[in-house]
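Peer 1: The structure file structure.txt (compact mmCIF, C-alpha atoms) is provided below.
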# COMPACT_ATOMS: atom_id res chain seq x y z
CA MET A 1 0.00 0.00 0.00
CA SER A 2 2.95 2.34 0.56
CA HIS A 3 3.58 2.54 -3.18
CA ILE A 4 0.00 3.24 -4.30
CA PHE A 5 0.68 6.94 -4.84
CA THR A 6 3.78 6.11 -6.89
CA LEU A 7 1.89 3.62 -9.05
CA LEU A 8 -1.07 5.93 -9.67
CA ALA A 9 1.06 9.01 -10.37
CA GLY A 10 3.47 7.19 -12.68
CA THR A 11 0.79 5.32 -14.61
CA GLY A 12 -1.37 8.42 -14.98
CA ALA A 13 1.55 10.54 -16.19
CA GLY A 14 2.66 7.94 -18.72
CA PHE A 15 -0.87 7.51 -20.04
CA LEU A 16 -1.39 11.27 -20.41
CA ALA A 17 1.96 11.57 -22.16
CA ARG A 18 0.88 8.93 -24.68
CA LEU A 19 -2.41 10.76 -25.17
CA TYR A 20 -0.52 14.00 -25.80
CA MET A 21 1.67 12.34 -28.42
CA LEU A 22 -1.32 10.73 -30.15
CA ARG A 23 -2.75 13.02 -32.80
CA ARG A 24 -4.47 12.68 -36.14
CA ASP A 25 -3.41 15.00 -38.93
CA TYR A 26 -3.24 15.11 -42.73
CA ARG A 27 -1.68 11.64 -42.77
CA GLN A 28 -5.08 10.22 -41.76
CA TYR A 29 -3.57 7.77 -39.32
CA PRO A 30 -4.24 6.54 -36.70
CA SER A 31 -7.95 6.31 -37.36
CA TYR A 32 -10.43 7.58 -34.82
CA PRO A 33 -11.74 6.06 -32.59
CA GLN A 34 -10.56 2.47 -33.22
CA GLY A 35 -6.92 3.36 -33.78
CA TRP A 36 -6.89 5.63 -30.74
CA ALA A 37 -8.36 2.88 -28.56
CA VAL A 38 -5.58 0.48 -29.55
CA HIS A 39 -2.72 2.93 -29.04
CA LEU A 40 -4.07 4.35 -25.79
CA PHE A 41 -4.46 0.85 -24.34
CA VAL A 42 -0.91 -0.10 -25.31
CA GLY A 43 0.29 3.23 -23.93
CA PHE A 44 -1.48 2.52 -20.64
CA ILE A 45 0.32 -0.83 -20.40
CA GLY A 46 3.64 0.90 -21.06
CA ALA A 47 2.89 3.53 -18.41
CA ALA A 48 2.01 0.83 -15.88
CA ILE A 49 5.27 -0.99 -16.61
CA GLY A 50 7.28 2.20 -16.11
CA ALA A 51 5.51 2.97 -12.84
CA VAL A 52 5.84 -0.55 -11.41
CA ILE A 53 9.60 -0.75 -12.01
CA VAL A 54 10.42 1.65 -9.17
CA PRO A 55 8.47 -0.17 -6.39
CA ALA A 56 9.76 -3.50 -7.70
CA VAL A 57 13.37 -2.34 -7.36
CA LEU A 58 12.75 -0.83 -3.92
CA GLU A 59 11.20 -4.07 -2.71
CA LYS A 60 14.09 -6.01 -4.26
CA GLU A 61 11.75 -7.96 -6.52
CA TYR A 62 14.36 -8.36 -9.20
CA ALA A 63 12.50 -11.23 -10.86
CA ALA A 64 9.57 -8.89 -11.36
CA VAL A 65 11.89 -6.27 -12.88
CA SER A 66 13.20 -8.82 -15.36
CA PHE A 67 9.63 -9.79 -16.25
CA LEU A 68 8.66 -6.14 -16.79
CA ILE A 69 11.64 -5.53 -19.06
CA LEU A 70 10.69 -8.63 -21.04
CA ALA A 71 7.11 -7.37 -21.33
CA ALA A 72 8.35 -3.98 -22.56
CA SER A 73 10.34 -5.69 -25.30
CA GLN A 74 7.05 -6.93 -26.77
CA PHE A 75 6.32 -3.40 -27.92
CA ARG A 76 8.35 -4.19 -31.00
CA GLU A 77 5.21 -6.01 -32.18
CA VAL A 78 3.55 -2.60 -32.36
CA ARG A 79 5.89 -1.76 -35.22
CA ASN A 80 4.97 -4.94 -37.05
CA VAL A 81 1.24 -4.26 -36.64
CA GLU A 82 1.59 -0.71 -37.91
CA ARG A 83 3.71 -1.85 -40.84
CA LEU A 84 1.14 -4.46 -41.85
CA THR A 85 -1.78 -2.08 -41.40
CA LEU A 86 -0.27 0.74 -43.44
CA GLY A 87 0.93 -1.73 -46.07
CA ALA A 88 -2.61 -3.05 -46.43
CA MET A 89 -3.91 0.53 -46.79
CA GLU A 90 -1.34 1.42 -49.43
CA SER A 91 -3.47 0.15 -52.30
CA THR A 92 -6.19 2.67 -51.41
CA GLU A 93 -3.90 5.71 -51.78
CA LEU A 94 -4.00 7.79 -54.95
CA VAL A 95 -0.38 8.73 -54.27
CA LYS A 96 1.54 5.94 -52.54
CA ARG A 97 3.43 6.49 -49.29
CA GLY A 98 6.21 4.09 -50.16
CA THR A 99 7.78 1.40 -47.97
CA ALA A 100 10.34 3.80 -46.44
CA TYR A 101 7.63 6.15 -45.20
CA ILE A 102 5.58 3.26 -43.82
CA GLU A 103 8.60 1.94 -41.93
CA GLY A 104 9.24 5.40 -40.50
CA ILE A 105 5.67 5.72 -39.22
CA ALA A 106 5.84 2.23 -37.68
CA ARG A 107 9.04 3.17 -35.84
CA VAL A 108 7.46 6.33 -34.47
CA PHE A 109 4.49 4.46 -33.01
CA GLU A 110 6.77 1.92 -31.37
CA ALA A 111 9.03 4.61 -29.93
CA ARG A 112 6.15 6.59 -28.44
CA ASN A 113 5.23 3.65 -26.24
CA TYR A 114 8.77 3.61 -24.88
CA LEU A 115 8.48 7.36 -24.24
CA SER A 116 5.41 6.73 -22.09
CA ILE A 117 7.51 4.26 -20.07
CA TRP A 118 10.22 6.89 -19.55
CA VAL A 119 7.69 9.50 -18.42
CA ALA A 120 6.05 7.06 -16.02
CA LEU A 121 9.44 6.00 -14.65
CA ALA A 122 10.56 9.60 -14.07
CA VAL A 123 7.32 10.50 -12.29
CA ALA A 124 7.44 7.31 -10.20
CA VAL A 125 10.97 8.14 -9.03
CA THR A 126 9.83 11.68 -8.18
CA ALA A 127 6.87 10.33 -6.21
CA GLU A 128 9.09 8.01 -4.20
CA LEU A 129 11.59 10.75 -3.40
CA TRP A 130 8.95 13.31 -2.47
CA GLY A 131 8.55 13.63 1.27
CA GLY A 132 5.85 16.31 1.48
CA SER A 133 2.07 16.20 1.34
CA VAL A 134 0.14 14.24 -1.25
CA TRP A 135 -1.30 17.31 -2.96
CA GLU A 136 2.07 18.99 -3.20
CA GLY A 137 3.46 15.71 -4.49
CA LEU A 138 0.82 15.65 -7.22
CA GLY A 139 1.86 19.13 -8.30
CA VAL A 140 5.53 18.19 -8.40
CA CYS A 141 4.80 14.97 -10.29
CA LEU A 142 2.65 16.89 -12.77
CA LEU A 143 5.46 19.36 -13.36
CA VAL A 144 8.03 16.60 -13.84
CA GLY A 145 5.70 14.74 -16.20
CA VAL A 146 5.08 17.82 -18.35
CA VAL A 147 8.79 18.69 -18.54
CA ILE A 148 9.86 15.15 -19.44
CA THR A 149 7.06 14.80 -22.01
CA LEU A 150 7.93 18.07 -23.74
CA LEU A 151 11.65 17.29 -23.63
CA LEU A 152 11.24 13.83 -25.12
CA SER A 153 8.80 15.11 -27.75
CA ARG A 154 11.31 17.78 -28.72
CA LEU A 155 14.11 15.23 -28.98
CA MET A 156 11.89 12.96 -31.09
CA ALA A 157 10.96 15.73 -33.52
CA GLY A 158 12.88 15.16 -36.73
CA GLN A 159 13.88 17.57 -39.47
CA THR A 160 11.73 18.70 -42.36
CA ILE A 161 12.63 19.39 -45.99
CA GLY A 162 12.71 23.10 -45.19
CA ASP A 163 15.52 22.45 -42.70
CA ILE A 164 17.85 20.76 -45.16
CA ALA A 165 16.91 22.35 -48.48
CA THR A 166 15.80 25.58 -50.12
CA VAL A 167 12.45 25.32 -51.87
CA GLU A 168 11.30 27.65 -54.64
CA LEU A 169 8.84 27.64 -57.50
CA ALA A 170 9.97 26.34 -60.87
CA GLU A 171 8.57 26.81 -64.35
CA ILE A 172 6.83 23.99 -66.19
CA GLN A 173 7.91 23.71 -69.83
CA PHE A 174 6.97 21.42 -72.68
CA ASP A 175 9.26 20.17 -75.42
CA ASN A 176 6.63 18.64 -77.69
CA ALA A 177 5.15 15.97 -75.38
CA LEU A 178 8.01 16.04 -72.85
CA LEU A 179 7.27 17.88 -69.61
CA LYS A 180 10.49 19.52 -68.39
CA ILE A 181 11.60 21.60 -65.43
CA GLU A 182 14.74 23.49 -66.37
CA GLU A 183 16.78 20.81 -68.17
CA THR A 184 15.30 17.81 -66.33
CA VAL A 185 12.74 15.72 -68.22
CA MET A 186 9.92 14.78 -65.84
CA MET A 187 7.57 12.70 -67.98
CA ASN A 188 5.98 12.22 -71.37
CA VAL A 189 2.49 13.75 -71.47
CA GLY A 190 0.94 12.41 -74.64
CA LEU A 191 -2.53 13.95 -74.57
CA GLU A 192 -2.93 17.61 -75.48
CA THR A 193 -5.79 17.89 -72.98
CA ALA A 194 -3.46 16.74 -70.18
CA ARG A 195 -0.76 19.21 -71.30
CA SER A 196 -3.28 22.03 -71.21
CA VAL A 197 -4.19 21.10 -67.63
CA TYR A 198 -0.53 21.33 -66.61
CA ARG A 199 -0.20 24.71 -68.34
CA GLU A 200 -3.27 26.09 -66.58
CA ARG A 201 -3.13 24.48 -63.13
CA GLY A 202 0.23 22.75 -62.75
CA LEU A 203 2.81 23.74 -60.14
CA ALA A 204 6.44 22.76 -59.83
CA ALA A 205 9.02 23.15 -57.08
CA LYS A 206 12.80 23.06 -57.11
CA ILE A 207 14.29 21.56 -53.95
CA MET A 208 17.96 22.56 -53.56
CA PRO A 209 19.98 20.75 -50.85
CA LYS A 210 21.91 22.98 -48.43
CA GLY A 211 24.95 20.73 -48.27
CA PRO A 212 26.45 17.35 -49.16
CA ASN A 213 24.62 15.58 -46.31
CA ALA A 214 21.29 17.01 -47.46
CA LYS A 215 22.13 16.11 -51.05
CA ALA A 216 22.69 12.47 -50.07
CA THR A 217 19.49 12.41 -48.00
CA LEU A 218 17.35 13.80 -50.81
CA ALA A 219 18.77 11.17 -53.18
CA ASN A 220 16.89 8.48 -51.26
CA LEU A 221 14.01 7.07 -53.31
CA GLY A 222 11.83 6.68 -50.23
CA GLN A 223 12.33 10.36 -49.37
CA MET A 224 11.37 11.38 -52.90
CA GLN A 225 8.18 9.31 -52.73
CA ALA A 226 7.37 10.75 -49.30
CA ILE A 227 7.57 14.28 -50.74
CA ALA A 228 5.08 13.43 -53.48
CA HIS A 229 2.69 11.72 -51.06
CA ASP A 230 2.79 14.31 -48.28
CA VAL A 231 2.37 17.33 -50.54
CA SER A 232 -0.62 15.72 -52.26
CA ALA A 233 -2.07 14.81 -48.86
CA MET A 234 -1.68 18.36 -47.50
CA ILE A 235 -2.99 20.40 -50.42
CA GLY A 236 -4.88 17.83 -52.48
CA VAL A 237 -4.27 16.57 -55.99
CA PHE A 238 -6.27 17.10 -59.19
CA MET A 239 -6.70 13.55 -60.41
CA ASP A 240 -8.86 10.46 -60.33
CA VAL A 241 -8.13 6.75 -60.32
CA GLY A 242 -6.28 5.67 -63.44
CA GLU A 243 -5.10 9.15 -64.47
CA GLN A 244 -1.41 8.32 -64.47
CA GLU A 245 -0.39 11.58 -66.15
CA PHE A 246 -1.53 13.59 -63.10
CA ILE A 247 0.26 11.59 -60.40
CA PRO A 248 2.69 13.91 -58.54
CA LEU A 249 6.21 13.13 -59.66
CA VAL A 250 9.65 13.81 -58.17
CA ARG A 251 12.80 13.62 -60.28
CA ARG A 252 16.45 14.24 -59.38
CA ASN A 253 19.04 16.20 -61.29
CA PRO A 254 22.21 14.08 -60.96
CA ASP A 255 24.47 17.05 -61.78
CA ASN A 256 23.60 19.15 -58.72
CA GLY A 257 21.43 16.86 -56.57
CA CYS A 258 18.35 19.10 -56.84
CA LEU A 259 14.90 17.55 -56.76
CA TYR A 260 12.02 18.69 -58.93
CA LEU A 261 8.40 18.12 -57.95
CA VAL A 262 5.59 18.59 -60.44
CA MET A 263 1.89 18.13 -59.74
CA VAL A 264 -1.57 19.48 -60.42
CA PRO A 265 -2.95 20.53 -57.01
CA SER A 266 -6.66 20.69 -56.28
CA GLU A 267 -6.29 24.41 -55.51
CA ASP A 268 -3.92 26.80 -57.25
CA ASP A 269 -2.20 28.31 -54.20
CA GLN A 270 1.53 28.74 -54.68
CA GLU A 271 2.32 29.66 -51.07
CA ALA A 272 0.42 26.67 -49.71
CA PHE A 273 2.24 24.47 -52.22
CA LEU A 274 5.70 25.68 -51.15
CA THR A 275 4.78 25.47 -47.46
CA ALA A 276 3.61 21.88 -47.92
CA VAL A 277 6.92 20.92 -49.57
CA ARG A 278 8.93 22.54 -46.77
CA ARG A 279 6.93 20.74 -44.07
CA VAL A 280 7.47 17.22 -45.45
CA PRO A 281 9.36 15.25 -42.76
CA VAL A 282 12.83 13.92 -43.43
CA LEU A 283 12.58 10.15 -43.12
CA GLU A 284 14.81 8.62 -40.46
CA GLY A 285 15.85 5.84 -42.81
CA ALA A 286 16.75 8.32 -45.54
CA VAL A 287 19.25 10.38 -43.54
CA ARG A 288 22.78 10.14 -44.89
CA LYS A 289 25.88 11.93 -43.55
CA PRO A 290 28.76 11.34 -45.95
CA LEU A 291 30.71 14.22 -44.40
CA THR A 292 31.28 12.10 -41.29
CA SER A 293 33.50 9.78 -43.35
CA LYS A 294 37.05 10.50 -44.43
CA ALA A 295 36.20 9.98 -48.09
CA GLY A 296 33.20 12.31 -47.80
CA LYS A 297 35.36 15.08 -46.29
CA MET A 298 37.83 14.68 -49.15
CA LEU A 299 35.06 15.19 -51.70
CA ASP A 300 33.48 18.17 -49.95
What is this file in structure tokens?
Peer 2:
Amino acid sequence: MSHIFTLLAGTGAGFLARLYMLRRDYRQYPSYPQGWAVHLFVGFIGAAIGAVIVPAVLEKEYAAVSFLILAASQFREVRNVERLTLGAMESTELVKRGTAYIEGIARVFEARNYLSIWVALAVAVTAELWGGSVWEGLGVCLLVGVVITLLLSRLMAGQTIGDIATVELAEIQFDNALLKIEETVMMNVGLETARSVYRERGLAAKIMPKGPNAKATLANLGQMQAIAHDVSAMIGVFMDVGEQEFIPLVRRNPDNGCLYLVMVPSEDDQEAFLTAVRRVPVLEGAVRKPLTSKAGKMLD
């Protein structure tokens, strides 16, 4: 009974931290309310594990600690579930996410459960060390929980395209049926009606890497597909099923490492288009840092 306050405070803090990190945005996942129910329940289990560890150690129940650590390792199955779910949903997307983006999302959902364990553990330690009144202890635990949650969320926040590259509008040109941006051929648009749509409504962006590391990151095929998917998800795309000529497309200029994105958005808003490109997340699996190697420094 002496550890009830610790268990309740730690579990509650971890659960609330998972709730804070669970949000639905333009990516349309997780679904509401079924997806939320699953993730909140798993987050509650993680919070309970984090809170129980402290009393178990204090009572020298080391077998229980080992069991809890083993139970926490099962959260890797969360990644597998998310990967399978998003993979099954891929066929319903007008613009595909790509396997790299799906893997990145699955990693995030797994990691957030571990973050709830860390928050619960930190609050549980605070509750055990606190020697004042219960109400004052609740205030201190709340403060610690908020600080740890915000800190971990900040550390988990990755970069966006706007952080590693300069994004500007580019001009769409046609050389007979070839759609070009500067000197890069994007695609062959055979129908005159489709070419007229690109002339009237099409938008293009030039994504210029800020350095060799950014250049290597943008060269990742998964990152290129993520740009096309996210921009179309944020501002909409002017196309229907089977209209291959209107699928957003990203090509790379091998001479300078620049990326070119061309699409027909549902609304002709240039600022919204550029903002959407800049806000596309940099995939964790796409990050490359050649400058950390000796050969990379020689080439820089």
Peer 1: Return the single residue from A:Ala216, A:Ala64, A:Ala204, A:Val108 that is closest to A:Pro248, with distances computed using only C-alpha atoms.
Peer 2: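 Residue with the minimum atom-to-atom distance to A:Pro248: A:Ala204.
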Peer 1: How many Å separate atom CA of A:Ile49 from atom CA of A:Ile148?
Peer 2: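 For atom CA of A:Ile49 relative to atom CA of A:Ile148, the distance reads 17.0 Å.
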Peer 1: Distance atom CA of A:Arg252-atom CA of A:Ala219, one decimal place?
Peer 2: 7.3 Å
Peer 1: For A:Pro281, which residue among A:Val250, A:Leu221, A:Ile181, A:Ala157 is the nearest when counting all atoms listed in the file?
Peer 2: A:Ala157
Peer 1: Residues at most 9 Å from A:Arg76, counting all atoms listed in the file, excluding those fewer than 5 positions away in the same chain, as a ChimeraX atom specification?
Peer 2: /A:107,110-111
Peer 1: Counting only C-alpha atoms, find the residues whose atoms lie at most 12 Å from (13.5, -4.6, -18.0) (file coordinates) and write them out as a list in words.
Peer 2: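 Collected hits near the coordinates: Gly46, Ile49, Gly50, Val52, Ile53, Val54, Ala56, Val57, Tyr62, Ala63, Ala64, Val65, Ser66, Phe67, Leu68, Ile69, Leu70, Ala71, Ala72, Ser73, Gln74, Tyr114, Ile117 and Leu121 of chain A.
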Peer 1: Counting all atoms listed in the file, what is within 7 Å of A:Val280, bar same-chain residues fewer than 4 positions away, as an NGL selection string?
Peer 2: :A and (160-161 or 227 or 230 or 276)
Peer 1: Using all atoms listed in the file, can you tell me which of A:Met187, A:Leu19, A:Leu84, A:Leu218 comes closest to A:Gly285?
Peer 2: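 Under the stated criterion, the closest residue is A:Leu218.
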Peer 1: Quote the spacing between atom CA of A:Glu182 and atom CA of A:Met224 in Å to one decimal place.
Peer 2: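 Distance reported for this atom pair: 18.4 Å.
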Peer 1: Measuring between all atoms listed in the file, which one of A:Ala233, A:Glu284, A:His39, A:Ala228 shows the shortest distance to A:Met263?
Peer 2: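 Distance minimum relative to A:Met263 lands on A:Ala228.
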Peer 1: At most 9 Å from (3.3, 0.4, -10.9), file frame, all atoms listed in the file: which residues, as a short mmCIF file (atom, residue, chain, number, x, y, z; two decimals) with C-alpha atoms, in the frame of the given file?
Peer 2:
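Result file is selection-v5.cif:
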data_model
loop_
_atom_site.label_atom_id
_atom_site.label_comp_id
_atom_site.auth_asym_id
_atom_site.auth_seq_id
_atom_site.Cartn_x
_atom_site.Cartn_y
_atom_site.Cartn_z
CA HIS A 3 3.58 2.54 -3.18
CA ILE A 4 0.00 3.24 -4.30
CA THR A 6 3.78 6.11 -6.89
CA LEU A 7 1.89 3.62 -9.05
CA LEU A 8 -1.07 5.93 -9.67
CA ALA A 9 1.06 9.01 -10.37
CA GLY A 10 3.47 7.19 -12.68
CA THR A 11 0.79 5.32 -14.61
CA ALA A 47 2.89 3.53 -18.41
CA ALA A 48 2.01 0.83 -15.88
CA ILE A 49 5.27 -0.99 -16.61
CA GLY A 50 7.28 2.20 -16.11
CA ALA A 51 5.51 2.97 -12.84
CA VAL A 52 5.84 -0.55 -11.41
CA ILE A 53 9.60 -0.75 -12.01
CA VAL A 54 10.42 1.65 -9.17
CA PRO A 55 8.47 -0.17 -6.39
CA ALA A 56 9.76 -3.50 -7.70
CA ALA A 120 6.05 7.06 -16.02
CA ALA A 124 7.44 7.31 -10.20
#
Peer 1: Which one is closest to A:Ile105: A:Lys206, A:Arg278, A:Lys289, A:Arg83? Count only C-alpha atoms.
Peer 2: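 So, comparing all the options, the nearest one is A:Arg83.
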Peer 1: Go through A:Asn113, A:Ser266, A:Thr99, A:Asn220 and flag the residue nearest A:Arg201, using only C-alpha atoms for the distances.
Peer 2: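 For A:Arg201, the nearest of the candidates is A:Ser266.
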Peer 1: Assuming 5 Å of padding per side, give the centre and edge lengths of the axis-aligned box around every listed atom of stretch 183-190 of chain A, in Å to one decimal and as lines of an AutoDock Vina configuration file.
Peer 2:
center_x = 8.9
center_y = 16.5
center_z = -70.2
size_x = 25.8
size_y = 18.6
size_z = 18.8
